[in-house]
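Student: Below is the file entry_4.cif, which contains mmCIF, C-alpha atoms, pLDDT in the B column; chains and numbers go by the auth columns.
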data_start
loop_
_atom_site.group_PDB
_atom_site.id
_atom_site.type_symbol
_atom_site.label_atom_id
_atom_site.label_comp_id
_atom_site.label_asym_id
_atom_site.label_seq_id
_atom_site.Cartn_x
_atom_site.Cartn_y
_atom_site.Cartn_z
_atom_site.B_iso_or_equiv
_atom_site.auth_seq_id
_atom_site.auth_asym_id
ATOM 1 C CA MET A 1 -8.103 18.384 7.578 28.00 840 A
ATOM 2 C CA THR A 2 -6.735 16.184 10.377 35.00 841 A
ATOM 3 C CA ASP A 3 -4.310 13.281 10.165 36.00 842 A
ATOM 4 C CA ASP A 4 -7.307 10.935 10.251 39.00 843 A
ATOM 5 C CA ASP A 5 -8.917 12.596 7.218 38.00 844 A
ATOM 6 C CA PHE A 6 -6.761 10.794 4.654 39.00 845 A
ATOM 7 C CA MET A 7 -7.729 11.458 1.052 40.00 846 A
ATOM 8 C CA PRO A 8 -6.240 9.672 -1.988 49.00 847 A
ATOM 9 C CA GLU A 9 -4.621 12.817 -3.348 49.00 848 A
ATOM 10 C CA ASP A 10 -2.854 13.357 -0.002 54.00 849 A
ATOM 11 C CA PHE A 11 -0.894 10.104 -0.122 57.00 850 A
ATOM 12 C CA ALA A 12 2.485 11.780 0.247 60.00 851 A
ATOM 13 C CA ALA A 13 1.717 15.468 0.518 55.00 852 A
ATOM 14 C CA ARG A 14 1.990 15.876 4.293 54.00 853 A
ATOM 15 C CA PHE A 15 5.063 13.778 5.026 72.00 854 A
ATOM 16 C CA THR A 16 8.340 15.277 6.128 74.00 855 A
ATOM 17 C CA PRO A 17 11.107 13.759 8.256 72.00 856 A
ATOM 18 C CA GLU A 18 10.020 16.055 11.090 73.00 857 A
ATOM 19 C CA ARG A 19 6.272 15.485 10.902 76.00 858 A
ATOM 20 C CA ARG A 20 4.618 12.246 9.884 88.00 859 A
ATOM 21 C CA PRO A 21 0.943 11.328 10.310 92.00 860 A
ATOM 22 C CA GLN A 22 0.083 8.207 12.265 94.00 861 A
ATOM 23 C CA CYS A 23 0.778 4.902 10.542 97.00 862 A
ATOM 24 C CA GLN A 24 -2.098 3.563 8.442 97.00 863 A
ATOM 25 C CA LEU A 25 -2.975 0.367 6.613 98.00 864 A
ATOM 26 C CA TYR A 26 -2.335 -0.323 2.950 98.00 865 A
ATOM 27 C CA LEU A 27 -4.531 -3.266 1.978 98.00 866 A
ATOM 28 C CA ILE A 28 -3.502 -5.611 -0.818 98.00 867 A
ATOM 29 C CA SER A 29 -6.219 -7.629 -2.471 98.00 868 A
ATOM 30 C CA PRO A 30 -6.540 -11.393 -2.238 97.00 869 A
ATOM 31 C CA THR A 31 -6.309 -13.354 -5.473 95.00 870 A
ATOM 32 C CA ASP A 32 -10.093 -13.770 -5.622 97.00 871 A
ATOM 33 C CA VAL A 33 -12.052 -10.510 -5.737 98.00 872 A
ATOM 34 C CA GLU A 34 -15.173 -11.877 -7.376 97.00 873 A
ATOM 35 C CA GLY A 35 -18.532 -12.700 -5.827 97.00 874 A
ATOM 36 C CA ASP A 36 -19.285 -10.646 -2.727 97.00 875 A
ATOM 37 C CA PHE A 37 -15.763 -9.260 -2.323 98.00 876 A
ATOM 38 C CA ALA A 38 -16.827 -5.664 -3.048 98.00 877 A
ATOM 39 C CA SER A 39 -19.280 -5.864 -0.142 98.00 878 A
ATOM 40 C CA LYS A 40 -16.556 -7.313 2.093 98.00 879 A
ATOM 41 C CA LEU A 41 -14.209 -4.508 1.082 98.00 880 A
ATOM 42 C CA ASP A 42 -16.900 -1.955 1.878 98.00 881 A
ATOM 43 C CA THR A 43 -17.299 -3.388 5.381 98.00 882 A
ATOM 44 C CA VAL A 44 -13.555 -3.413 5.971 98.00 883 A
ATOM 45 C CA LEU A 45 -12.966 0.139 4.768 98.00 884 A
ATOM 46 C CA ALA A 46 -15.828 1.392 6.924 98.00 885 A
ATOM 47 C CA VAL A 47 -13.706 0.534 9.987 98.00 886 A
ATOM 48 C CA GLY A 48 -11.295 3.319 9.036 97.00 887 A
ATOM 49 C CA GLY A 49 -7.534 3.542 9.223 97.00 888 A
ATOM 50 C CA VAL A 50 -6.975 2.307 5.665 98.00 889 A
ATOM 51 C CA ALA A 51 -5.142 4.678 3.350 97.00 890 A
ATOM 52 C CA ALA A 52 -4.897 2.614 0.180 98.00 891 A
ATOM 53 C CA PHE A 53 -6.103 -0.548 -1.491 98.00 892 A
ATOM 54 C CA GLN A 54 -3.961 -2.274 -4.085 98.00 893 A
ATOM 55 C CA LEU A 55 -5.535 -4.575 -6.652 98.00 894 A
ATOM 56 C CA ARG A 56 -2.991 -7.302 -7.261 98.00 895 A
ATOM 57 C CA LEU A 57 -4.173 -9.945 -9.722 97.00 896 A
ATOM 58 C CA LYS A 58 -1.721 -12.195 -11.539 90.00 897 A
ATOM 59 C CA ASP A 59 -2.480 -14.302 -14.606 90.00 898 A
ATOM 60 C CA ARG A 60 -5.527 -12.244 -15.593 95.00 899 A
ATOM 61 C CA SER A 61 -6.014 -10.347 -18.823 97.00 900 A
ATOM 62 C CA ASP A 62 -6.225 -6.568 -18.809 98.00 901 A
ATOM 63 C CA ASP A 63 -9.907 -6.773 -19.727 98.00 902 A
ATOM 64 C CA GLU A 64 -10.619 -9.121 -16.825 98.00 903 A
ATOM 65 C CA ILE A 65 -8.770 -6.908 -14.372 98.00 904 A
ATOM 66 C CA ALA A 66 -10.555 -3.800 -15.640 98.00 905 A
ATOM 67 C CA ALA A 67 -13.948 -5.447 -15.151 98.00 906 A
ATOM 68 C CA LEU A 68 -13.071 -6.659 -11.664 98.00 907 A
ATOM 69 C CA ALA A 69 -11.613 -3.288 -10.715 98.00 908 A
ATOM 70 C CA ALA A 70 -14.708 -1.191 -11.418 98.00 909 A
ATOM 71 C CA PRO A 71 -16.841 -2.097 -8.360 98.00 910 A
ATOM 72 C CA LEU A 72 -13.792 -2.030 -6.094 98.00 911 A
ATOM 73 C CA GLN A 73 -12.835 1.435 -7.296 98.00 912 A
ATOM 74 C CA ALA A 74 -16.327 2.624 -6.442 98.00 913 A
ATOM 75 C CA VAL A 75 -16.006 1.255 -2.907 98.00 914 A
ATOM 76 C CA CYS A 76 -12.601 2.888 -2.449 98.00 915 A
ATOM 77 C CA ALA A 77 -13.933 6.223 -3.719 98.00 916 A
ATOM 78 C CA LYS A 78 -16.833 5.989 -1.266 98.00 917 A
ATOM 79 C CA HIS A 79 -14.369 5.713 1.621 98.00 918 A
ATOM 80 C CA ASP A 80 -11.725 8.144 0.255 97.00 919 A
ATOM 81 C CA VAL A 81 -9.200 5.333 -0.027 98.00 920 A
ATOM 82 C CA ALA A 82 -6.585 5.430 -2.796 98.00 921 A
ATOM 83 C CA PHE A 83 -7.083 2.706 -5.413 98.00 922 A
ATOM 84 C CA ILE A 84 -3.682 1.448 -6.586 98.00 923 A
ATOM 85 C CA LEU A 85 -3.115 -1.050 -9.382 98.00 924 A
ATOM 86 C CA ASN A 86 -0.202 -3.442 -9.202 97.00 925 A
ATOM 87 C CA ASP A 87 2.468 -3.605 -11.916 95.00 926 A
ATOM 88 C CA ASN A 88 0.653 -2.127 -14.917 97.00 927 A
ATOM 89 C CA ALA A 89 0.831 1.634 -15.450 98.00 928 A
ATOM 90 C CA ALA A 90 -0.913 1.458 -18.818 98.00 929 A
ATOM 91 C CA LEU A 91 -3.885 -0.368 -17.337 98.00 930 A
ATOM 92 C CA ALA A 92 -3.911 2.010 -14.367 98.00 931 A
ATOM 93 C CA LYS A 93 -4.284 4.841 -16.880 98.00 932 A
ATOM 94 C CA ARG A 94 -7.052 3.006 -18.742 98.00 933 A
ATOM 95 C CA ILE A 95 -9.205 2.379 -15.668 98.00 934 A
ATOM 96 C CA GLY A 96 -8.505 5.702 -13.967 98.00 935 A
ATOM 97 C CA ALA A 97 -6.753 4.242 -10.920 98.00 936 A
ATOM 98 C CA ASP A 98 -5.330 6.633 -8.348 98.00 937 A
ATOM 99 C CA GLY A 99 -1.911 5.180 -8.967 97.00 938 A
ATOM 100 C CA VAL A 100 0.294 2.200 -9.660 98.00 939 A
ATOM 101 C CA HIS A 101 2.737 0.085 -7.679 98.00 940 A
ATOM 102 C CA LEU A 102 5.888 -0.829 -9.585 98.00 941 A
ATOM 103 C CA GLY A 103 8.163 -3.777 -8.972 96.00 942 A
ATOM 104 C CA GLN A 104 11.767 -3.504 -10.028 95.00 943 A
ATOM 105 C CA THR A 105 10.919 -4.950 -13.470 94.00 944 A
ATOM 106 C CA ASP A 106 7.682 -3.018 -14.093 94.00 945 A
ATOM 107 C CA GLY A 107 9.095 0.097 -15.747 94.00 946 A
ATOM 108 C CA SER A 108 10.426 3.355 -14.389 97.00 947 A
ATOM 109 C CA VAL A 109 8.839 5.990 -12.213 98.00 948 A
ATOM 110 C CA ALA A 110 9.481 8.530 -14.977 97.00 949 A
ATOM 111 C CA GLU A 111 7.571 6.436 -17.519 97.00 950 A
ATOM 112 C CA ALA A 112 4.664 5.913 -15.154 98.00 951 A
ATOM 113 C CA ARG A 113 4.593 9.614 -14.258 98.00 952 A
ATOM 114 C CA ALA A 114 4.537 10.639 -17.908 98.00 953 A
ATOM 115 C CA LEU A 115 1.647 8.278 -18.527 97.00 954 A
ATOM 116 C CA LEU A 116 -0.397 8.867 -15.369 97.00 955 A
ATOM 117 C CA GLY A 117 0.290 12.521 -14.605 97.00 956 A
ATOM 118 C CA LYS A 118 1.593 14.505 -11.686 95.00 957 A
ATOM 119 C CA ASP A 119 -1.249 13.597 -9.309 95.00 958 A
ATOM 120 C CA ALA A 120 -0.887 9.821 -9.640 97.00 959 A
ATOM 121 C CA GLN A 121 0.393 7.879 -6.650 97.00 960 A
ATOM 122 C CA ILE A 122 3.418 5.853 -7.742 97.00 961 A
ATOM 123 C CA GLY A 123 5.044 3.372 -5.394 98.00 962 A
ATOM 124 C CA VAL A 124 8.143 1.253 -5.866 98.00 963 A
ATOM 125 C CA THR A 125 9.230 -2.064 -4.389 97.00 964 A
ATOM 126 C CA CYS A 126 12.682 -1.598 -2.866 97.00 965 A
ATOM 127 C CA HIS A 127 13.107 -4.934 -1.036 97.00 966 A
ATOM 128 C CA ASP A 128 15.876 -4.450 1.559 97.00 967 A
ATOM 129 C CA SER A 129 17.873 -1.945 -0.472 97.00 968 A
ATOM 130 C CA ARG A 130 18.658 1.563 0.679 97.00 969 A
ATOM 131 C CA HIS A 131 20.098 2.265 -2.755 97.00 970 A
ATOM 132 C CA LEU A 132 16.899 1.276 -4.566 97.00 971 A
ATOM 133 C CA ALA A 133 14.839 3.348 -2.146 97.00 972 A
ATOM 134 C CA MET A 134 16.963 6.456 -2.622 97.00 973 A
ATOM 135 C CA ALA A 135 16.872 6.001 -6.398 96.00 974 A
ATOM 136 C CA ALA A 136 13.071 5.683 -6.296 97.00 975 A
ATOM 137 C CA GLY A 137 12.754 8.761 -4.120 95.00 976 A
ATOM 138 C CA GLU A 138 15.014 10.783 -6.401 96.00 977 A
ATOM 139 C CA ALA A 139 12.946 9.634 -9.396 97.00 978 A
ATOM 140 C CA GLY A 140 9.821 11.065 -7.785 96.00 979 A
ATOM 141 C CA ALA A 141 8.124 8.015 -6.285 97.00 980 A
ATOM 142 C CA ASP A 142 5.298 8.841 -3.895 96.00 981 A
ATOM 143 C CA TYR A 143 6.257 5.991 -1.585 97.00 982 A
ATOM 144 C CA VAL A 144 8.843 3.242 -1.264 98.00 983 A
ATOM 145 C CA ALA A 145 8.075 -0.274 -0.046 98.00 984 A
ATOM 146 C CA PHE A 146 10.464 -2.354 2.047 98.00 985 A
ATOM 147 C CA GLY A 147 10.070 -6.053 2.727 96.00 986 A
ATOM 148 C CA ALA A 148 9.354 -8.819 3.250 96.00 987 A
ATOM 149 C CA PHE A 149 9.839 -8.297 6.965 97.00 988 A
ATOM 150 C CA TYR A 150 8.324 -11.682 7.828 95.00 989 A
ATOM 151 C CA PRO A 151 7.600 -14.879 5.893 89.00 990 A
ATOM 152 C CA SER A 152 4.663 -14.222 3.607 75.00 991 A
ATOM 153 C CA ALA A 153 1.771 -16.510 2.724 68.00 992 A
ATOM 154 C CA THR A 154 0.948 -14.299 -0.262 64.00 993 A
ATOM 155 C CA LYS A 155 4.138 -14.578 -2.300 61.00 994 A
ATOM 156 C CA GLU A 156 7.575 -16.143 -2.140 62.00 995 A
ATOM 157 C CA THR A 157 10.168 -13.714 -0.818 64.00 996 A
ATOM 158 C CA THR A 158 13.950 -13.659 -0.743 73.00 997 A
ATOM 159 C CA HIS A 159 14.669 -10.249 0.808 72.00 998 A
ATOM 160 C CA ARG A 160 14.397 -9.832 4.570 82.00 999 A
ATOM 161 C CA PRO A 161 15.174 -6.300 5.832 96.00 1000 A
ATOM 162 C CA GLU A 162 15.462 -5.352 9.477 96.00 1001 A
ATOM 163 C CA PRO A 163 13.004 -2.827 10.937 97.00 1002 A
ATOM 164 C CA ALA A 164 15.919 -0.415 11.323 97.00 1003 A
ATOM 165 C CA ILE A 165 15.687 0.375 7.606 98.00 1004 A
ATOM 166 C CA LEU A 166 12.349 2.072 8.310 98.00 1005 A
ATOM 167 C CA THR A 167 13.909 4.234 11.011 97.00 1006 A
ATOM 168 C CA TRP A 168 16.775 5.164 8.720 97.00 1007 A
ATOM 169 C CA TRP A 169 14.400 6.127 5.925 97.00 1008 A
ATOM 170 C CA THR A 170 11.935 8.163 7.956 95.00 1009 A
ATOM 171 C CA THR A 171 14.726 9.995 9.773 94.00 1010 A
ATOM 172 C CA LEU A 172 16.263 11.205 6.526 94.00 1011 A
ATOM 173 C CA PHE A 173 13.509 11.401 3.936 94.00 1012 A
ATOM 174 C CA GLY A 174 10.013 12.804 3.668 93.00 1013 A
ATOM 175 C CA THR A 175 8.730 10.265 1.137 95.00 1014 A
ATOM 176 C CA PRO A 176 6.468 7.743 2.909 96.00 1015 A
ATOM 177 C CA CYS A 177 7.596 4.161 3.399 98.00 1016 A
ATOM 178 C CA VAL A 178 5.495 1.011 3.343 98.00 1017 A
ATOM 179 C CA ALA A 179 6.392 -2.106 5.309 98.00 1018 A
ATOM 180 C CA ILE A 180 5.262 -5.334 3.649 97.00 1019 A
ATOM 181 C CA GLY A 181 5.520 -9.066 4.059 96.00 1020 A
ATOM 182 C CA GLY A 182 3.785 -11.420 6.468 96.00 1021 A
ATOM 183 C CA ILE A 183 2.577 -8.622 8.749 98.00 1022 A
ATOM 184 C CA THR A 184 -0.068 -9.533 11.326 98.00 1023 A
ATOM 185 C CA PRO A 185 -1.490 -7.765 14.384 98.00 1024 A
ATOM 186 C CA ASP A 186 0.837 -9.944 16.486 98.00 1025 A
ATOM 187 C CA ASN A 187 4.073 -8.885 14.768 98.00 1026 A
ATOM 188 C CA ALA A 188 3.261 -5.387 13.526 98.00 1027 A
ATOM 189 C CA ALA A 189 4.342 -3.421 16.612 98.00 1028 A
ATOM 190 C CA PRO A 190 8.106 -3.389 15.893 98.00 1029 A
ATOM 191 C CA LEU A 191 7.433 -2.008 12.410 98.00 1030 A
ATOM 192 C CA VAL A 192 5.164 0.717 13.748 98.00 1031 A
ATOM 193 C CA LYS A 193 7.746 1.627 16.373 97.00 1032 A
ATOM 194 C CA ALA A 194 10.518 1.627 13.754 97.00 1033 A
ATOM 195 C CA GLY A 195 8.662 4.263 11.747 97.00 1034 A
ATOM 196 C CA ALA A 196 6.583 2.565 9.042 98.00 1035 A
ATOM 197 C CA ASP A 197 4.183 5.075 7.519 97.00 1036 A
ATOM 198 C CA PHE A 198 2.005 2.285 6.158 98.00 1037 A
ATOM 199 C CA LEU A 199 1.627 -1.420 6.853 98.00 1038 A
ATOM 200 C CA ALA A 200 0.835 -3.406 3.705 98.00 1039 A
ATOM 201 C CA VAL A 201 -1.303 -6.384 4.655 98.00 1040 A
ATOM 202 C CA SER A 202 -3.254 -8.993 2.769 98.00 1041 A
ATOM 203 C CA SER A 203 -3.815 -12.498 4.148 97.00 1042 A
ATOM 204 C CA ALA A 204 -3.857 -11.277 7.764 98.00 1043 A
ATOM 205 C CA VAL A 205 -7.049 -9.418 6.872 98.00 1044 A
ATOM 206 C CA TRP A 206 -8.682 -11.403 4.086 98.00 1045 A
ATOM 207 C CA ASP A 207 -8.057 -14.839 5.612 97.00 1046 A
ATOM 208 C CA ALA A 208 -9.352 -13.756 9.024 98.00 1047 A
ATOM 209 C CA ALA A 209 -12.670 -15.073 10.267 98.00 1048 A
ATOM 210 C CA ASP A 210 -13.813 -11.441 10.409 98.00 1049 A
ATOM 211 C CA PRO A 211 -11.709 -9.149 8.185 98.00 1050 A
ATOM 212 C CA ALA A 212 -13.181 -6.024 9.803 98.00 1051 A
ATOM 213 C CA ASP A 213 -12.081 -7.265 13.220 98.00 1052 A
ATOM 214 C CA ALA A 214 -8.599 -7.877 11.807 98.00 1053 A
ATOM 215 C CA VAL A 215 -8.434 -4.242 10.718 98.00 1054 A
ATOM 216 C CA ARG A 216 -9.565 -3.176 14.193 98.00 1055 A
ATOM 217 C CA ALA A 217 -6.766 -5.302 15.690 98.00 1056 A
ATOM 218 C CA PHE A 218 -4.212 -3.612 13.435 98.00 1057 A
ATOM 219 C CA ARG A 219 -5.568 -0.203 14.399 98.00 1058 A
ATOM 220 C CA ALA A 220 -5.190 -1.039 18.081 98.00 1059 A
ATOM 221 C CA VAL A 221 -1.541 -1.919 17.534 98.00 1060 A
ATOM 222 C CA ILE A 222 -0.962 1.272 15.572 97.00 1061 A
ATOM 223 C CA GLN A 223 -2.663 3.453 18.157 96.00 1062 A
ATOM 224 C CA ALA A 224 -0.615 1.832 20.919 96.00 1063 A
ATOM 225 C CA GLY A 225 2.409 3.082 19.028 86.00 1064 A
#
Go ahead and render the structure in this file as C-alpha cells.
Tutor:
Amino acid sequence: MTDDDFMPEDFAARFTPERRPQCQLYLISPTDVEGDFASKLDTVLAVGGVAAFQLRLKDRSDDEIAALAAPLQAVCAKHDVAFILNDNAALAKRIGADGVHLGQTDGSVAEARALLGKDAQIGVTCHDSRHLAMAAGEAGADYVAFGAFYPSATKETTHRPEPAILTWWTTLFGTPCVAIGGITPDNAAPLVKAGADFLAVSSAVWDAADPADAVRAFRAVIQAG
C-alpha cells in the first residue's frame, strides 16, 4: 500500500511525528445532500485525494439523516473514503458509519469508543486549544481538528488559531490533525506548509462552478507542498 492508497481503516494508522503521508482532503457536506448530490459526490471522489467525507446536517431528525446517509455511504465505500457522521455517535452506530466527529459538547471520546468500537474513526474539534488537542489525543481520538483558520461561510466561528499550531502538533504527536475553516485553494498553502494532515473543506468545493475542478485545484496546492 502506498501513501496514495488511503483506506478508511487507515485513517490514523500510519502517522508518526517522523513520517506523515501527504496532506489529503476531508470533505464536509453542504446542508443540502438531496437530489443529485450522490452523483456529484461520486464525481468529486473520483478525482482522488479525498480521505474522508463528513455528513453534517443540522435540524434534521435521526431518521431523515439515516435515509440521506445511505446513498452517500455507498459512494464513499466505492471510493474507499471514510464516511464520518457529525456530532451523533449513537446515529453513527445505527447507520454503520466509519466514525464520528465530536464537538466539545457532543460527548467524550471514551463514550464514542465504547459505542462504536476500536476500529471507528473518532475526531474531536479542538478550536485553537493545545490543551484540548492533547486531552483528545490522550483519550484516544483518531484525529484532532483545529480552526477556524479563516472566516467561514459554513458556520459562525470565534476561534482563530495560527498555522503554527499545526507545526507544533505534528512535530510532537503522531495523531493526525485537520485544519478547518474557510479554506480555499487560494489560502490553503500556508496550512499545508505548516503541517496539516488533512484540509477540511466544504463551500470551496460544493459552491464551486465545478466541484471536481475545485478538488483538482486543492490537490495542486497540496502537491506543490
Student: Hey, which bits of range 875-994 of chain A sit within 8 Å of range 1006-1027 of chain A, and for each residue what's the closest pair of atoms and how far apart in Å (one decimal), counting only C-alpha atoms, rows by chain and increasing number, as a tab-separated table?
Tutor:
residue	atom	partner	partner_atom	distance
A:Gly976	CA	A:Thr1014	CA	6.8
A:Ala980	CA	A:Thr1014	CA	7.8
A:Asp981	CA	A:Thr1014	CA	6.3
A:Tyr982	CA	A:Pro1015	CA	4.8
A:Val983	CA	A:Cys1016	CA	4.9
A:Ala984	CA	A:Val1017	CA	4.4
A:Phe985	CA	A:Ala1018	CA	5.2
A:Gly986	CA	A:Ile1019	CA	4.9
A:Ala987	CA	A:Gly1020	CA	3.9
A:Phe988	CA	A:Gly1020	CA	5.3
A:Tyr989	CA	A:Gly1021	CA	4.7
A:Pro990	CA	A:Gly1021	CA	5.2
A:Ser991	CA	A:Gly1021	CA	4.1
A:Ala992	CA	A:Gly1021	CA	6.6
A:Thr993	CA	A:Gly1021	CA	7.9
Student: Do you have the CA of Val939 in chain A-CA of Gln960 in chain A distance handy?
Tutor: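 Separating CA of Val939 in chain A from CA of Gln960 in chain A is a distance of 6.4 Å.
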Student: Work out how far CA of Ala890 in chain A is from CA of Leu864 in chain A, in Å to one decimal.
Tutor: 5.8 Å
Student: Please identify all polymer residues within 7 Å of Ile934 in chain A, counting all atoms listed in the file, omitting same-chain residues fewer than 3 positions from it, and present them as a PDB file with C-alpha atoms, keeping the file's coordinate frame.
Tutor:
ATOM      1  CA  ALA A 905     -10.555  -3.800 -15.640  1.00 98.00           C
ATOM      2  CA  LEU A 930      -3.885  -0.368 -17.337  1.00 98.00           C
ATOM      3  CA  ALA A 931      -3.911   2.010 -14.367  1.00 98.00           C
TER       4      ALA A 931
END
Student: Enumerate, as a PyMOL selection string, the residues matched when the PyMOL selection byres ((chain A and resi 947) around 12) is run on the file above.
Tutor: chain A and resi 926-928+939-946+948-954+961-964+971+974-980
Student: Would you mind reading off the distance between CA of Ser1042 in chain A and CA of Arg933 in chain A, one decimal, in Å?
Tutor: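 Result for CA of Ser1042 in chain A versus CA of Arg933 in chain A: 27.8 Å, one decimal.
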Student: Residues at most 10 Å from Ile923 in chain A, counting all atoms listed in the file, excluding those fewer than 6 positions away in the same chain, as a ChimeraX atom specification?
Tutor: /A:847,865-867,891-895,912,915,931,935-940,959-962
Student: Just C-alpha atoms for this one: save the residues we selected as a PDB file, in the coordinates of the input.
Tutor:
ATOM      1  CA  PRO A 847      -6.240   9.672  -1.988  1.00 49.00           C
ATOM      2  CA  TYR A 865      -2.335  -0.323   2.950  1.00 98.00           C
ATOM      3  CA  LEU A 866      -4.531  -3.266   1.978  1.00 98.00           C
ATOM      4  CA  ILE A 867      -3.502  -5.611  -0.818  1.00 98.00           C
ATOM      5  CA  ALA A 891      -4.897   2.614   0.180  1.00 98.00           C
ATOM      6  CA  PHE A 892      -6.103  -0.548  -1.491  1.00 98.00           C
ATOM      7  CA  GLN A 893      -3.961  -2.274  -4.085  1.00 98.00           C
ATOM      8  CA  LEU A 894      -5.535  -4.575  -6.652  1.00 98.00           C
ATOM      9  CA  ARG A 895      -2.991  -7.302  -7.261  1.00 98.00           C
ATOM     10  CA  GLN A 912     -12.835   1.435  -7.296  1.00 98.00           C
ATOM     11  CA  CYS A 915     -12.601   2.888  -2.449  1.00 98.00           C
ATOM     12  CA  ALA A 931      -3.911   2.010 -14.367  1.00 98.00           C
ATOM     13  CA  GLY A 935      -8.505   5.702 -13.967  1.00 98.00           C
ATOM     14  CA  ALA A 936      -6.753   4.242 -10.920  1.00 98.00           C
ATOM     15  CA  ASP A 937      -5.330   6.633  -8.348  1.00 98.00           C
ATOM     16  CA  GLY A 938      -1.911   5.180  -8.967  1.00 97.00           C
ATOM     17  CA  VAL A 939       0.294   2.200  -9.660  1.00 98.00           C
ATOM     18  CA  HIS A 940       2.737   0.085  -7.679  1.00 98.00           C
ATOM     19  CA  ALA A 959      -0.887   9.821  -9.640  1.00 97.00           C
ATOM     20  CA  GLN A 960       0.393   7.879  -6.650  1.00 97.00           C
ATOM     21  CA  ILE A 961       3.418   5.853  -7.742  1.00 97.00           C
ATOM     22  CA  GLY A 962       5.044   3.372  -5.394  1.00 98.00           C
TER      23      GLY A 962
END
Student: If we count all atoms listed in the file and set the cut-off at 12 Å, which residues sit around His918 in chain A, ignoring sequence neighbours fewer than 5 positions away in its own chain? Please answer as a PyMOL selection string.
Tutor: chain A and resi 844-847+880-892+911-913
Student: A:Asp871, A:Gln861, A:Asp958, A:Thr997: which is nearest Asp1046 in chain A, counting all atoms listed in the file?
Tutor: A:Asp871
Student: Need the axis-aligned box for range 997-1005 of chain A with 4 Å each side, so what are the centre and edges in Å to one decimal, as lines of an AutoDock Vina configuration file?
Tutor:
center_x = 14.1
center_y = -5.8
center_z = 5.3
size_x = 11.6
size_y = 23.7
size_z = 20.1
Student: So, counting all atoms listed in the file, which residue among A:Arg1058, A:Arg859, A:His966, A:Lys897 is closest to Pro1000 in chain A?
Tutor: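 Between A:Arg1058, A:Arg859, A:His966, A:Lys897, the residue approaching Pro1000 in chain A most closely is A:His966.
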Student: Which one is closest to Asp1036 in chain A: A:Ala1056, A:Gly1064, A:Ala909, A:Asp898? Count all atoms listed in the file.
Tutor: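 Residue with the minimum atom-to-atom distance to Asp1036 in chain A: A:Gly1064.
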Student: When distances are computed from all atoms listed in the file, which of A:Ala972, A:Val914, A:Ala1033, A:Ala1043 shows the smallest separation from Arg1055 in chain A?
Tutor: A:Ala1043
Student: Using all atoms listed in the file for the distances, tell me which of A:Glu857, A:Glu1001, A:Asp902, A:Asp1052 is nearest to Asp967 in chain A.
Tutor: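 Smallest distance to Asp967 in chain A is found for A:Glu1001.
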Student: Excluding Ala1063 in chain A and any residue of its chain fewer than 5 positions from it, enumerate the residues within 10 Å of it, using only C-alpha atoms, and give them as an MDAnalysis selection string.
Tutor: chainID A and resid 1028 1031:1032 1057:1058
Student: Emit the selected residues as a compact mmCIF listing (two decimals), in the coordinates of the input, including C-alpha atoms.
Tutor:
# COMPACT_ATOMS: atom_id res chain seq x y z
CA ALA A 1028 4.34 -3.42 16.61
CA VAL A 1031 5.16 0.72 13.75
CA LYS A 1032 7.75 1.63 16.37
CA PHE A 1057 -4.21 -3.61 13.44
CA ARG A 1058 -5.57 -0.20 14.40
